[in-house]
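> Before I ask anything, here is the structure I am working with.
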Amino acid sequence: MKAFNDFTGLVAPMPQANIDTDQIIPKQYLKSIRRSGFGVSLFDEWRYLDEGQPGQDHSKRPKNPDFILNQAPYDHAEILLAGVNFGCGSSREHAPWALVEFGFRCIIAPSYADIFYNNSFKNGLLLIQLADSQVQQLLALPQPLTLQIQLMQQVIIAPNGQSFEFKIDTFRKQCLLEGLDDIGLTLKNRTDIEAYEKQQAGITPWLF
Amino acid sequence: MSSVMPMGKQLTLYDKLWRAHTVLERADGNTLLYIDRHLLHEVTSPQAFEGLRLAGRRPWRINSNLATPDHNVPTTARAQGILGIVDETSRLQVQTLDDNCDEFGIREFKIDDQRQGIVHVVGPEQGATQPGMTIVCGDSHTSTHGAFGALAQGIGTSEVEHVLATQCLIQSKARCMRIEFDGVPPSSVTAKDMILALIRQIGTAGGTGYTLEFAGSAVRSLSMEGRMTLCNMAIEAGARAGLIGVDDTTIDYFMDKPMAPKGAQWQQAVTYWRSLVSDAEAVFDKEVTIDVSQLAPQISWGTSPEMVVAVNELLPDLNQARSDVERQSWLRAYDYMQLKPGMRVDQIPLDRVFIGSCTNARIEDLRVAASVIQGQKKSPAVKQVLVVPGSGLVKRQAEAEGLDVIFRAAGFEWRDPGCSMCLAMNADKLMPGEHCASTSNRNFEGRQGYGGRTHLVSPAMAAAAAIAGHFIDIRSSGVA
Ligand code: SF4
């Protein structure tokens, strides 16, 4: 995983509630056995006026001019400002893959679905949770809005100098900052895992 | 924090499962949690296997894994096996699962195996799912398996790779919410109606950050099939896992399951399984009680599983919304569904009916659907009724009971097992604008096909709607 660096980026506001992973990336693209190629299909059913198919030339498809990510300068947004329960529904990691490939590095929302939250961090995508009222404050700032994201300091800084602190789990923060491979980390506990298995094989032998 | 609780502390079932699977507590406050069973399917695993190969890693414990293709498989022309998959990308994905399982020696029920089916139907049916286990799968409806007193959670592809490589997950413990379903439900009210009513009440984010434990007399009197339906949709309430304590119903289920413990180990296992209940005085972070004696059959009208009405209610007025955010969501949903506030549910047009999915495609669901038909025929107003059994074994059982004959005689299509029109990754899908009465779990925009409009209901409600051509109140029609 690539290490996360502090940055200043443009915000695309999409404040509707309960945006589910079926909307973030529709099912037909999940047939791919690769980890890439999803960015052009991010929010496919909102972004295009027709039904997309994997493998087609998406640049030739009719775009929905009303959809924010089709409008300059938001087509280059790096921060998504979303509504409550963002990423609910299916566990598909294709959703963060598509968001990252589009260019998003950070999402700000009042709440996220649990599985999506996990999946995003595994792909270097920083998910920031702010109070609903703070998200409303950001939405009320003059648009287009750029925000400075400082992960080490755990703070967002707006152009007017206003700052918003956020909380983040220490381990997730460390993984992002250092671009850590958490499988490698877990494998450092190999002897602990083996000891656990040995002990459990005595207690619940039918599981081993 | 130590994993050893003080003596005498009253534990929830979730506490017990968590404690029994804690390998170690990390300094950062997270837990290294051991995983007993890993279920795999073709959609979320290829990139994980590729990751293993690239890093030169091997699966930690081969026999913990069990795989089956389900999302992409066609529900017709199955005699041709994998060659029967017309869509090339789908075929490649199923082939890739076969290749990966062969390469790493992982047990798989391939497309032509009678035990193939939706992974959440297959796991319990084989006894691969057992009480007291931690179970994961790269699929959010893994919560289904919690019905057996197992801690079962959906994970993403990176975590699939993590579990393959280490047999563990790094997690922080969720809070625990107890959902008590009390009372005796009317005969036409099923587990599906109970869970839809709950999601309507607490919302699709109501369970976020929680593990839900379903309890109460109405849960105790459910069959294992009904309990699976409840836990299946815990994720639609935002909870990664649903749980139900072990009782006789749970234990009886495993008597004849191929992968269940046998002989002396059976006795030992049963003794252990009986401890898998929340202690009487255990404290939950939150409690919700629902009286099911007052419940009516439920129908979703919008694009989120919380947009639900009872069969005798009108579609809600916008000023009934509990917040401005909800009002905005309803507006958008009404527009997408092309429905209006104040409509009766029998005014919702229906083009297709789907009876299937990991929520409602087990034998009991098919029996209920068949019993509703009673020699009647599908309404000409409905273009197609698909009945898709959850597994090859469910299909065989249904045919042994003659259910397929009843469905066919009514003009329903009797198909081969898979996810089918629950997510429409195969050829079974809605056309733009079509409305579908569906026994599945998600009514998101486009879920069952581009532009499709889904109404979530129980199998009895779906079958009755197929006959009538529109939703009916099965309580007064005498069909249930
Ligand atoms: S039946 Fe539907 S919800 Fe269940 S695993 Fe398949 S696609 Fe997912």
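In the structure tokens, each chain is lettered A, B, ... as it comes, each chain's residues begin at 1, and ligands are numbered from 1 in order of appearance.
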So which residues of stretch 167-359 of chain B fall under alpha helix (DSSP H) by DSSP, listed as a CSV table (one decimal) with C-alpha atoms, in the first residue's frame?


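Produced file out_21.csv, reproduced below:
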```csv
chain,number,residue,atom,x,y,z
B,191,ALA,CA,-39.0,-14.0,9.9
B,192,LYS,CA,-38.8,-11.8,6.8
B,193,ASP,CA,-41.5,-9.6,8.1
B,194,MET,CA,-39.9,-9.4,11.5
B,195,ILE,CA,-36.6,-8.2,10.1
B,196,LEU,CA,-38.1,-5.8,7.7
B,197,ALA,CA,-40.2,-4.3,10.5
B,198,LEU,CA,-37.0,-3.9,12.6
B,199,ILE,CA,-35.0,-2.2,9.8
B,200,ARG,CA,-37.9,0.2,9.3
B,201,GLN,CA,-37.8,1.0,13.0
B,202,ILE,CA,-34.1,1.4,13.6
B,217,SER,CA,-40.0,-16.0,22.4
B,218,ALA,CA,-40.7,-15.3,18.7
B,219,VAL,CA,-37.1,-16.0,17.8
B,220,ARG,CA,-37.0,-19.2,20.0
B,224,MET,CA,-33.3,-22.6,11.8
B,225,GLU,CA,-34.4,-21.4,8.3
B,226,GLY,CA,-36.3,-18.5,9.8
B,227,ARG,CA,-33.5,-17.6,12.1
B,228,MET,CA,-31.1,-17.5,9.1
B,229,THR,CA,-33.5,-15.1,7.4
B,230,LEU,CA,-33.3,-12.8,10.5
B,231,CYS,CA,-29.5,-12.9,10.8
B,232,ASN,CA,-29.1,-12.6,7.0
B,248,ASP,CA,-32.4,-27.6,20.9
B,249,THR,CA,-33.5,-26.3,17.5
B,250,THR,CA,-29.9,-25.4,16.8
B,251,ILE,CA,-28.4,-28.7,17.9
B,252,ASP,CA,-31.1,-30.8,16.2
B,253,TYR,CA,-30.2,-29.1,12.9
B,264,ALA,CA,-17.5,-38.9,20.9
B,265,GLN,CA,-16.8,-35.5,19.5
B,266,TRP,CA,-20.5,-34.9,18.9
B,267,GLN,CA,-21.2,-35.3,22.6
B,268,GLN,CA,-18.3,-33.0,23.5
B,269,ALA,CA,-19.4,-30.4,20.9
B,270,VAL,CA,-23.0,-30.4,22.1
B,271,THR,CA,-21.9,-29.8,25.7
B,272,TYR,CA,-19.8,-26.8,24.5
B,273,TRP,CA,-22.6,-25.5,22.2
B,324,ASP,CA,-35.0,16.3,6.6
B,325,VAL,CA,-32.4,13.8,5.4
B,326,GLU,CA,-35.1,11.0,5.4
B,327,ARG,CA,-37.5,13.3,3.5
B,328,GLN,CA,-34.9,13.9,0.8
B,329,SER,CA,-34.2,10.2,0.5
B,330,TRP,CA,-38.0,9.5,0.2
B,331,LEU,CA,-38.4,12.1,-2.5
B,332,ARG,CA,-35.6,10.6,-4.5
B,333,ALA,CA,-36.9,7.1,-3.9
B,334,TYR,CA,-40.5,8.0,-5.0
B,335,ASP,CA,-39.0,9.5,-8.1
B,336,TYR,CA,-36.9,6.4,-8.9
B,337,MET,CA,-39.7,4.0,-8.1
```

> How would you write, as a ChimeraX atom specification, the set of residues no farther than 10 Å from ligand 1 when counting only C-alpha atoms and all ligand atoms?

/A:27,89-91 /B:41,43,69-72,117-121,137-142,144,232-233,356-361,388,390,417-425,439-442,447-448

> Would you save the residues from that selection as a CSV table (one decimal), in the first residue's frame, using N, CA and C atoms?


```
chain,number,residue,atom,x,y,z
A,27,LYS,N,-22.9,-4.0,-10.2
A,27,LYS,CA,-22.5,-5.5,-10.2
A,27,LYS,C,-21.8,-5.9,-11.4
A,89,GLY,N,-24.4,-1.6,2.5
A,89,GLY,CA,-24.7,-2.6,1.5
A,89,GLY,C,-23.6,-3.6,1.3
A,90,SER,N,-23.4,-4.0,0.1
A,90,SER,CA,-22.5,-5.1,-0.3
A,90,SER,C,-21.0,-4.8,0.2
A,91,SER,N,-20.3,-5.9,0.5
A,91,SER,CA,-19.0,-5.8,1.0
A,91,SER,C,-17.9,-5.6,-0.1
B,41,HIS,N,-16.3,-17.4,-2.6
B,41,HIS,CA,-17.0,-17.5,-3.8
B,41,HIS,C,-16.2,-16.8,-4.9
B,43,VAL,N,-16.5,-14.1,-6.8
B,43,VAL,CA,-16.5,-12.6,-7.1
B,43,VAL,C,-15.4,-11.9,-6.2
B,69,PRO,N,-19.0,-21.5,-6.4
B,69,PRO,CA,-19.4,-20.4,-7.2
B,69,PRO,C,-20.9,-20.2,-7.1
B,70,ASP,N,-21.3,-18.9,-7.0
B,70,ASP,CA,-22.8,-18.7,-6.8
B,70,ASP,C,-23.3,-17.4,-7.5
B,71,HIS,N,-22.5,-16.3,-7.5
B,71,HIS,CA,-23.0,-15.0,-7.9
B,71,HIS,C,-23.2,-15.0,-9.5
B,72,ASN,N,-22.3,-15.6,-10.2
B,72,ASN,CA,-22.3,-15.5,-11.7
B,72,ASN,C,-23.0,-16.7,-12.4
B,117,GLY,N,-24.2,-24.1,-4.5
B,117,GLY,CA,-25.3,-23.3,-4.2
B,117,GLY,C,-24.9,-21.9,-3.7
B,118,ILE,N,-25.8,-21.1,-3.2
B,118,ILE,CA,-25.4,-19.9,-2.6
B,118,ILE,C,-24.6,-20.2,-1.3
B,119,VAL,N,-23.5,-19.5,-1.2
B,119,VAL,CA,-22.5,-19.9,-0.2
B,119,VAL,C,-23.2,-19.9,1.2
B,120,HIS,N,-24.1,-19.0,1.5
B,120,HIS,CA,-24.7,-19.0,2.8
B,120,HIS,C,-25.8,-20.0,3.0
B,121,VAL,N,-26.2,-20.7,1.9
B,121,VAL,CA,-27.1,-21.8,2.1
B,121,VAL,C,-26.3,-23.1,2.2
B,137,CYS,N,-16.5,-14.5,5.2
B,137,CYS,CA,-16.7,-14.7,3.8
B,137,CYS,C,-16.6,-13.3,3.1
B,138,GLY,N,-16.1,-13.3,1.9
B,138,GLY,CA,-16.1,-12.0,1.2
B,138,GLY,C,-17.5,-11.7,0.7
B,139,ASP,N,-18.4,-11.5,1.6
B,139,ASP,CA,-19.8,-11.3,1.3
B,139,ASP,C,-20.5,-10.8,2.5
B,140,SER,N,-21.2,-9.7,2.3
B,140,SER,CA,-21.8,-9.0,3.5
B,140,SER,C,-22.9,-9.9,4.2
B,141,HIS,N,-23.5,-10.8,3.5
B,141,HIS,CA,-24.6,-11.6,4.1
B,141,HIS,C,-24.1,-12.8,4.8
B,142,THR,N,-22.8,-12.8,5.1
B,142,THR,CA,-22.2,-13.8,6.0
B,142,THR,C,-22.8,-13.8,7.4
B,144,THR,N,-25.7,-14.2,8.0
B,144,THR,CA,-26.6,-15.4,8.1
B,144,THR,C,-26.3,-16.4,9.1
B,232,ASN,N,-29.5,-13.0,8.4
B,232,ASN,CA,-29.1,-12.6,7.0
B,232,ASN,C,-29.2,-11.1,6.8
B,233,MET,N,-30.3,-10.5,7.3
B,233,MET,CA,-30.6,-9.1,7.0
B,233,MET,C,-30.1,-8.2,8.2
B,356,GLY,N,-36.1,-16.4,-4.3
B,356,GLY,CA,-34.8,-17.0,-4.2
B,356,GLY,C,-33.9,-16.1,-3.3
B,357,SER,N,-32.6,-16.3,-3.4
B,357,SER,CA,-31.6,-15.6,-2.6
B,357,SER,C,-31.2,-16.2,-1.3
B,358,CYS,N,-30.1,-15.8,-0.7
B,358,CYS,CA,-29.7,-16.4,0.6
B,358,CYS,C,-30.6,-16.0,1.7
B,359,THR,N,-31.5,-15.0,1.5
B,359,THR,CA,-32.5,-14.7,2.5
B,359,THR,C,-33.6,-15.7,2.6
B,360,ASN,N,-34.1,-16.1,1.4
B,360,ASN,CA,-35.3,-16.9,1.4
B,360,ASN,C,-35.3,-17.9,0.2
B,361,ALA,N,-34.3,-18.8,0.2
B,361,ALA,CA,-34.3,-19.8,-0.9
B,361,ALA,C,-34.0,-21.2,-0.3
B,388,VAL,N,-35.8,-19.9,-7.7
B,388,VAL,CA,-34.4,-20.3,-7.7
B,388,VAL,C,-34.0,-20.8,-6.4
B,390,GLY,N,-31.9,-22.4,-3.3
B,390,GLY,CA,-30.6,-21.9,-2.7
B,390,GLY,C,-29.4,-22.8,-3.0
B,417,PRO,N,-29.7,-23.6,-8.9
B,417,PRO,CA,-29.3,-22.8,-7.8
B,417,PRO,C,-28.2,-21.7,-8.1
B,418,GLY,N,-28.4,-20.6,-7.4
B,418,GLY,CA,-27.4,-19.5,-7.5
B,418,GLY,C,-28.0,-18.2,-7.0
B,419,CYS,N,-27.3,-17.1,-7.0
B,419,CYS,CA,-27.8,-15.9,-6.5
B,419,CYS,C,-28.8,-15.2,-7.5
B,420,SER,N,-28.6,-15.5,-8.8
B,420,SER,CA,-29.6,-15.1,-9.8
B,420,SER,C,-30.1,-13.6,-9.7
B,421,MET,N,-31.4,-13.4,-9.6
B,421,MET,CA,-31.9,-12.0,-9.7
B,421,MET,C,-31.8,-11.3,-8.4
B,422,CYS,N,-31.2,-11.9,-7.4
B,422,CYS,CA,-30.9,-11.1,-6.2
B,422,CYS,C,-30.0,-9.9,-6.5
B,423,LEU,N,-29.0,-10.2,-7.4
B,423,LEU,CA,-28.1,-9.1,-7.8
B,423,LEU,C,-27.9,-9.0,-9.3
B,424,ALA,N,-28.5,-10.0,-10.0
B,424,ALA,CA,-28.5,-9.8,-11.5
B,424,ALA,C,-27.1,-9.8,-12.1
B,425,MET,N,-26.2,-10.6,-11.6
B,425,MET,CA,-24.9,-10.7,-12.3
B,425,MET,C,-24.9,-11.7,-13.4
B,439,THR,N,-38.0,-11.9,-2.9
B,439,THR,CA,-37.7,-12.4,-1.5
B,439,THR,C,-36.3,-12.1,-1.1
B,440,SER,N,-35.6,-11.3,-1.9
B,440,SER,CA,-34.2,-11.1,-1.6
B,440,SER,C,-34.0,-10.0,-0.5
B,441,ASN,N,-32.9,-9.3,-0.4
B,441,ASN,CA,-32.6,-8.5,0.7
B,441,ASN,C,-32.3,-7.1,0.4
B,442,ARG,N,-32.1,-6.7,-0.8
B,442,ARG,CA,-31.7,-5.3,-1.2
B,442,ARG,C,-32.6,-4.8,-2.3
B,447,ARG,N,-30.3,-2.7,-8.4
B,447,ARG,CA,-29.8,-3.9,-7.8
B,447,ARG,C,-30.2,-5.1,-8.6
B,448,GLN,N,-31.4,-5.2,-9.0
B,448,GLN,CA,-31.9,-6.4,-9.7
B,448,GLN,C,-31.8,-6.3,-11.3
```

> Neighbouring residues of A:Lys122 were defined as those with any atom within 10 Å, considering only C-alpha atoms; residues of the same chain fewer than 2 positions away were excluded. Please report them as a list in words.

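Listing them by chain and then by number gives Met1, Glu93, Pro96, Trp97, Phe116, Tyr117, Asn118, Asn119, Ser120, Gly124, Leu125, Leu126, Arg172, Cys175, Leu176, Gly179, Leu180, Asp181 and Asp182 of chain A; Gly156, Thr157, Ser158 and Glu159 of chain B.
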
> Which residues of chain A have any atom within 9 Å of an atom in chain B when counting only C-alpha atoms, and what is the closest pair of atoms for each, with the distance in Å to one decimal? Order the rows by chain and rising number and write it as JSON lines.


```
{"residue": "A:Gln16", "atom": "CA", "partner": "B:Ser329", "partner_atom": "CA", "distance": 7.3}
{"residue": "A:Ala17", "atom": "CA", "partner": "B:Val325", "partner_atom": "CA", "distance": 6.7}
{"residue": "A:Asn18", "atom": "CA", "partner": "B:Thr204", "partner_atom": "CA", "distance": 8.0}
{"residue": "A:Asp20", "atom": "CA", "partner": "B:Phe444", "partner_atom": "CA", "distance": 7.6}
{"residue": "A:Asp22", "atom": "CA", "partner": "B:Arg447", "partner_atom": "CA", "distance": 6.8}
{"residue": "A:Gln23", "atom": "CA", "partner": "B:Glu445", "partner_atom": "CA", "distance": 7.3}
{"residue": "A:Pro26", "atom": "CA", "partner": "B:Arg447", "partner_atom": "CA", "distance": 7.9}
{"residue": "A:Lys27", "atom": "CA", "partner": "B:Met425", "partner_atom": "CA", "distance": 6.1}
{"residue": "A:Gln28", "atom": "CA", "partner": "B:Met425", "partner_atom": "CA", "distance": 5.9}
{"residue": "A:Leu30", "atom": "CA", "partner": "B:Val43", "partner_atom": "CA", "distance": 6.5}
{"residue": "A:Lys31", "atom": "CA", "partner": "B:Ser90", "partner_atom": "CA", "distance": 5.8}
{"residue": "A:Ser32", "atom": "CA", "partner": "B:Thr89", "partner_atom": "CA", "distance": 6.9}
{"residue": "A:Ile33", "atom": "CA", "partner": "B:Pro46", "partner_atom": "CA", "distance": 5.4}
{"residue": "A:Arg34", "atom": "CA", "partner": "B:Gln47", "partner_atom": "CA", "distance": 6.1}
{"residue": "A:Arg35", "atom": "CA", "partner": "B:Gln47", "partner_atom": "CA", "distance": 6.2}
{"residue": "A:Glu45", "atom": "CA", "partner": "B:Tyr450", "partner_atom": "CA", "distance": 7.9}
{"residue": "A:Glu51", "atom": "CA", "partner": "B:Tyr450", "partner_atom": "CA", "distance": 6.6}
{"residue": "A:Pro54", "atom": "CA", "partner": "B:Thr89", "partner_atom": "CA", "distance": 8.6}
{"residue": "A:Gly83", "atom": "CA", "partner": "B:Val325", "partner_atom": "CA", "distance": 8.8}
{"residue": "A:Val84", "atom": "CA", "partner": "B:Ala205", "partner_atom": "CA", "distance": 8.3}
{"residue": "A:Asn85", "atom": "CA", "partner": "B:Ala205", "partner_atom": "CA", "distance": 6.1}
{"residue": "A:Cys88", "atom": "CA", "partner": "B:Gly238", "partner_atom": "CA", "distance": 7.2}
{"residue": "A:Gly89", "atom": "CA", "partner": "B:Glu236", "partner_atom": "CA", "distance": 6.7}
{"residue": "A:Ser90", "atom": "CA", "partner": "B:Ser140", "partner_atom": "CA", "distance": 5.5}
{"residue": "A:Ser91", "atom": "CA", "partner": "B:Ser140", "partner_atom": "CA", "distance": 5.0}
{"residue": "A:Arg92", "atom": "CA", "partner": "B:Gly156", "partner_atom": "CA", "distance": 6.0}
{"residue": "A:Glu93", "atom": "CA", "partner": "B:Gly156", "partner_atom": "CA", "distance": 5.3}
{"residue": "A:His94", "atom": "CA", "partner": "B:Thr157", "partner_atom": "CA", "distance": 8.6}
{"residue": "A:Ser111", "atom": "CA", "partner": "B:Ala205", "partner_atom": "CA", "distance": 8.6}
{"residue": "A:Tyr112", "atom": "CA", "partner": "B:Thr208", "partner_atom": "CA", "distance": 8.1}
{"residue": "A:Ala113", "atom": "CA", "partner": "B:Thr208", "partner_atom": "CA", "distance": 6.4}
{"residue": "A:Asp114", "atom": "CA", "partner": "B:Thr208", "partner_atom": "CA", "distance": 6.5}
{"residue": "A:Ile115", "atom": "CA", "partner": "B:Ile155", "partner_atom": "CA", "distance": 6.3}
{"residue": "A:Phe116", "atom": "CA", "partner": "B:Gly156", "partner_atom": "CA", "distance": 7.9}
{"residue": "A:Asn118", "atom": "CA", "partner": "B:Gly156", "partner_atom": "CA", "distance": 7.9}
{"residue": "A:Asn119", "atom": "CA", "partner": "B:Gly156", "partner_atom": "CA", "distance": 5.8}
{"residue": "A:Lys122", "atom": "CA", "partner": "B:Ser158", "partner_atom": "CA", "distance": 6.7}
{"residue": "A:Asn123", "atom": "CA", "partner": "B:Ser158", "partner_atom": "CA", "distance": 8.5}
{"residue": "A:Asp169", "atom": "CA", "partner": "B:Asp28", "partner_atom": "CA", "distance": 8.1}
{"residue": "A:Thr170", "atom": "CA", "partner": "B:Asp28", "partner_atom": "CA", "distance": 6.2}
{"residue": "A:Phe171", "atom": "CA", "partner": "B:Asp28", "partner_atom": "CA", "distance": 6.0}
{"residue": "A:Asp182", "atom": "CA", "partner": "B:His162", "partner_atom": "CA", "distance": 7.9}
{"residue": "A:Ile183", "atom": "CA", "partner": "B:His162", "partner_atom": "CA", "distance": 5.6}
{"residue": "A:Thr186", "atom": "CA", "partner": "B:Thr166", "partner_atom": "CA", "distance": 6.9}
{"residue": "A:Leu187", "atom": "CA", "partner": "B:Thr166", "partner_atom": "CA", "distance": 6.4}
{"residue": "A:Asn189", "atom": "CA", "partner": "B:Leu24", "partner_atom": "CA", "distance": 9.0}
{"residue": "A:Arg190", "atom": "CA", "partner": "B:Thr166", "partner_atom": "CA", "distance": 8.0}
{"residue": "A:Asp192", "atom": "CA", "partner": "B:Val23", "partner_atom": "CA", "distance": 6.7}
{"residue": "A:Ile193", "atom": "CA", "partner": "B:Val23", "partner_atom": "CA", "distance": 6.2}
{"residue": "A:Ala195", "atom": "CA", "partner": "B:Val23", "partner_atom": "CA", "distance": 8.5}
{"residue": "A:Tyr196", "atom": "CA", "partner": "B:Val23", "partner_atom": "CA", "distance": 5.9}
{"residue": "A:Glu197", "atom": "CA", "partner": "B:Tyr34", "partner_atom": "CA", "distance": 8.7}
{"residue": "A:Gln200", "atom": "CA", "partner": "B:Ala20", "partner_atom": "CA", "distance": 8.6}
{"residue": "A:Thr204", "atom": "CA", "partner": "B:Ala269", "partner_atom": "CA", "distance": 7.2}
{"residue": "A:Pro205", "atom": "CA", "partner": "B:Gln265", "partner_atom": "CA", "distance": 7.7}
{"residue": "A:Trp206", "atom": "CA", "partner": "B:Pro261", "partner_atom": "CA", "distance": 5.9}
{"residue": "A:Leu207", "atom": "CA", "partner": "B:Asp36", "partner_atom": "CA", "distance": 7.1}
{"residue": "A:Phe208", "atom": "CA", "partner": "B:Ser64", "partner_atom": "CA", "distance": 8.3}
```

> Using Å and a single decimal, report how far atom CA of B:Ser143 sits from atom CA of B:Gly242.

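For atom CA of B:Gly242 relative to atom CA of B:Ser143, the distance reads 5.5 Å.
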
> Could you please determine the separation between atom CA of B:Phe354 and atom CA of B:Gly452 in Å, to one decimal place?

12.6 Å

> Determine, for each residue of stretch 278-308 of chain B having at least one atom at most 7 Å from an atom of stretch 179-182 of chain B, the closest pair of atoms and their separation in Å to one decimal, counting only C-alpha atoms; order by chain and ascending number, as a tab-separated table.


```
residue	atom	partner	partner_atom	distance
B:Glu287	CA	B:Ile179	CA	6.0
B:Val288	CA	B:Ile179	CA	4.9
B:Thr289	CA	B:Glu180	CA	4.6
B:Ile290	CA	B:Phe181	CA	5.0
B:Asp291	CA	B:Asp182	CA	5.0
B:Val292	CA	B:Asp182	CA	5.9
```

> Based on DSSP run over this structure's backbone, return all residues of stretch 11-256 of chain B in strand (DSSP E), as an NGL selection string.

:B and (22-25 or 31-34 or 37-40 or 65-67 or 107-108 or 134-137 or 151-154 or 168-171 or 175-182 or 210-215 or 241-243)

> Please determine, counting only C-alpha atoms, which residue among A:Val135, A:Leu127, A:Pro13, A:Tyr74 has the shortest atom-to-atom distance to A:Pro110.

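Selected residue with least distance to A:Pro110: A:Val135.
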
> Excluding B:Ala67 and any residue of its chain fewer than 3 positions from it, enumerate the residues within 7 Å of it, using only C-alpha atoms, and give them as a list in words.

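The neighbour list is Leu39, Leu40, His41, Arg107, Glu108 and Phe109 of chain B.
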
> Taking only C-alpha atoms into account, which of A:Asp132, A:Glu178, A:Glu194, A:Asp50 comes nearest A:Ala3?

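Ranked by minimum distance to A:Ala3, first place goes to A:Glu178.
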
> Can you work out the spacing between atom CA of B:Gln80 and atom CA of B:Val353 in Å, to one decimal?

26.8 Å

> For A:Thr146, list every protein, DNA or RNA residue within 7 Å, evaluated using only C-alpha atoms, and leave out those in the same chain fewer than 6 positions away; present the list as an mmCIF file with all heavy atoms, in the first residue's frame.


```cif
data_model
loop_
_atom_site.group_PDB
_atom_site.id
_atom_site.type_symbol
_atom_site.label_atom_id
_atom_site.label_comp_id
_atom_site.auth_asym_id
_atom_site.auth_seq_id
_atom_site.Cartn_x
_atom_site.Cartn_y
_atom_site.Cartn_z
ATOM 1 N N THR A 8 -3.695 19.019 -0.012
ATOM 2 C CA THR A 8 -4.800 19.961 -0.124
ATOM 3 C C THR A 8 -5.548 19.596 -1.393
ATOM 4 O O THR A 8 -4.940 19.475 -2.461
ATOM 5 C CB THR A 8 -4.279 21.408 -0.216
ATOM 6 O OG1 THR A 8 -3.507 21.670 0.962
ATOM 7 C CG2 THR A 8 -5.423 22.397 -0.302
ATOM 8 N N GLY A 9 -6.846 19.352 -1.259
ATOM 9 C CA GLY A 9 -7.582 18.874 -2.426
ATOM 10 C C GLY A 9 -8.962 19.482 -2.540
ATOM 11 O O GLY A 9 -9.513 20.030 -1.581
ATOM 12 N N LEU A 10 -9.492 19.340 -3.741
ATOM 13 C CA LEU A 10 -10.820 19.873 -4.038
ATOM 14 C C LEU A 10 -11.902 18.924 -3.509
ATOM 15 O O LEU A 10 -11.759 17.707 -3.588
ATOM 16 C CB LEU A 10 -10.960 20.022 -5.555
ATOM 17 C CG LEU A 10 -12.317 20.520 -6.048
ATOM 18 C CD1 LEU A 10 -12.493 22.001 -5.745
ATOM 19 C CD2 LEU A 10 -12.463 20.256 -7.543
ATOM 20 N N VAL A 11 -12.977 19.524 -3.001
ATOM 21 C CA VAL A 11 -14.066 18.752 -2.400
ATOM 22 C C VAL A 11 -15.250 18.636 -3.359
ATOM 23 O O VAL A 11 -15.723 19.638 -3.880
ATOM 24 C CB VAL A 11 -14.556 19.457 -1.118
ATOM 25 C CG1 VAL A 11 -15.751 18.715 -0.526
ATOM 26 C CG2 VAL A 11 -13.434 19.570 -0.106
ATOM 27 N N PRO A 159 -10.186 26.927 3.923
ATOM 28 C CA PRO A 159 -9.523 28.133 3.419
ATOM 29 C C PRO A 159 -9.664 29.335 4.367
ATOM 30 O O PRO A 159 -8.775 30.174 4.430
ATOM 31 C CB PRO A 159 -10.226 28.410 2.099
ATOM 32 C CG PRO A 159 -10.821 27.121 1.689
ATOM 33 C CD PRO A 159 -11.128 26.376 2.941
#
```
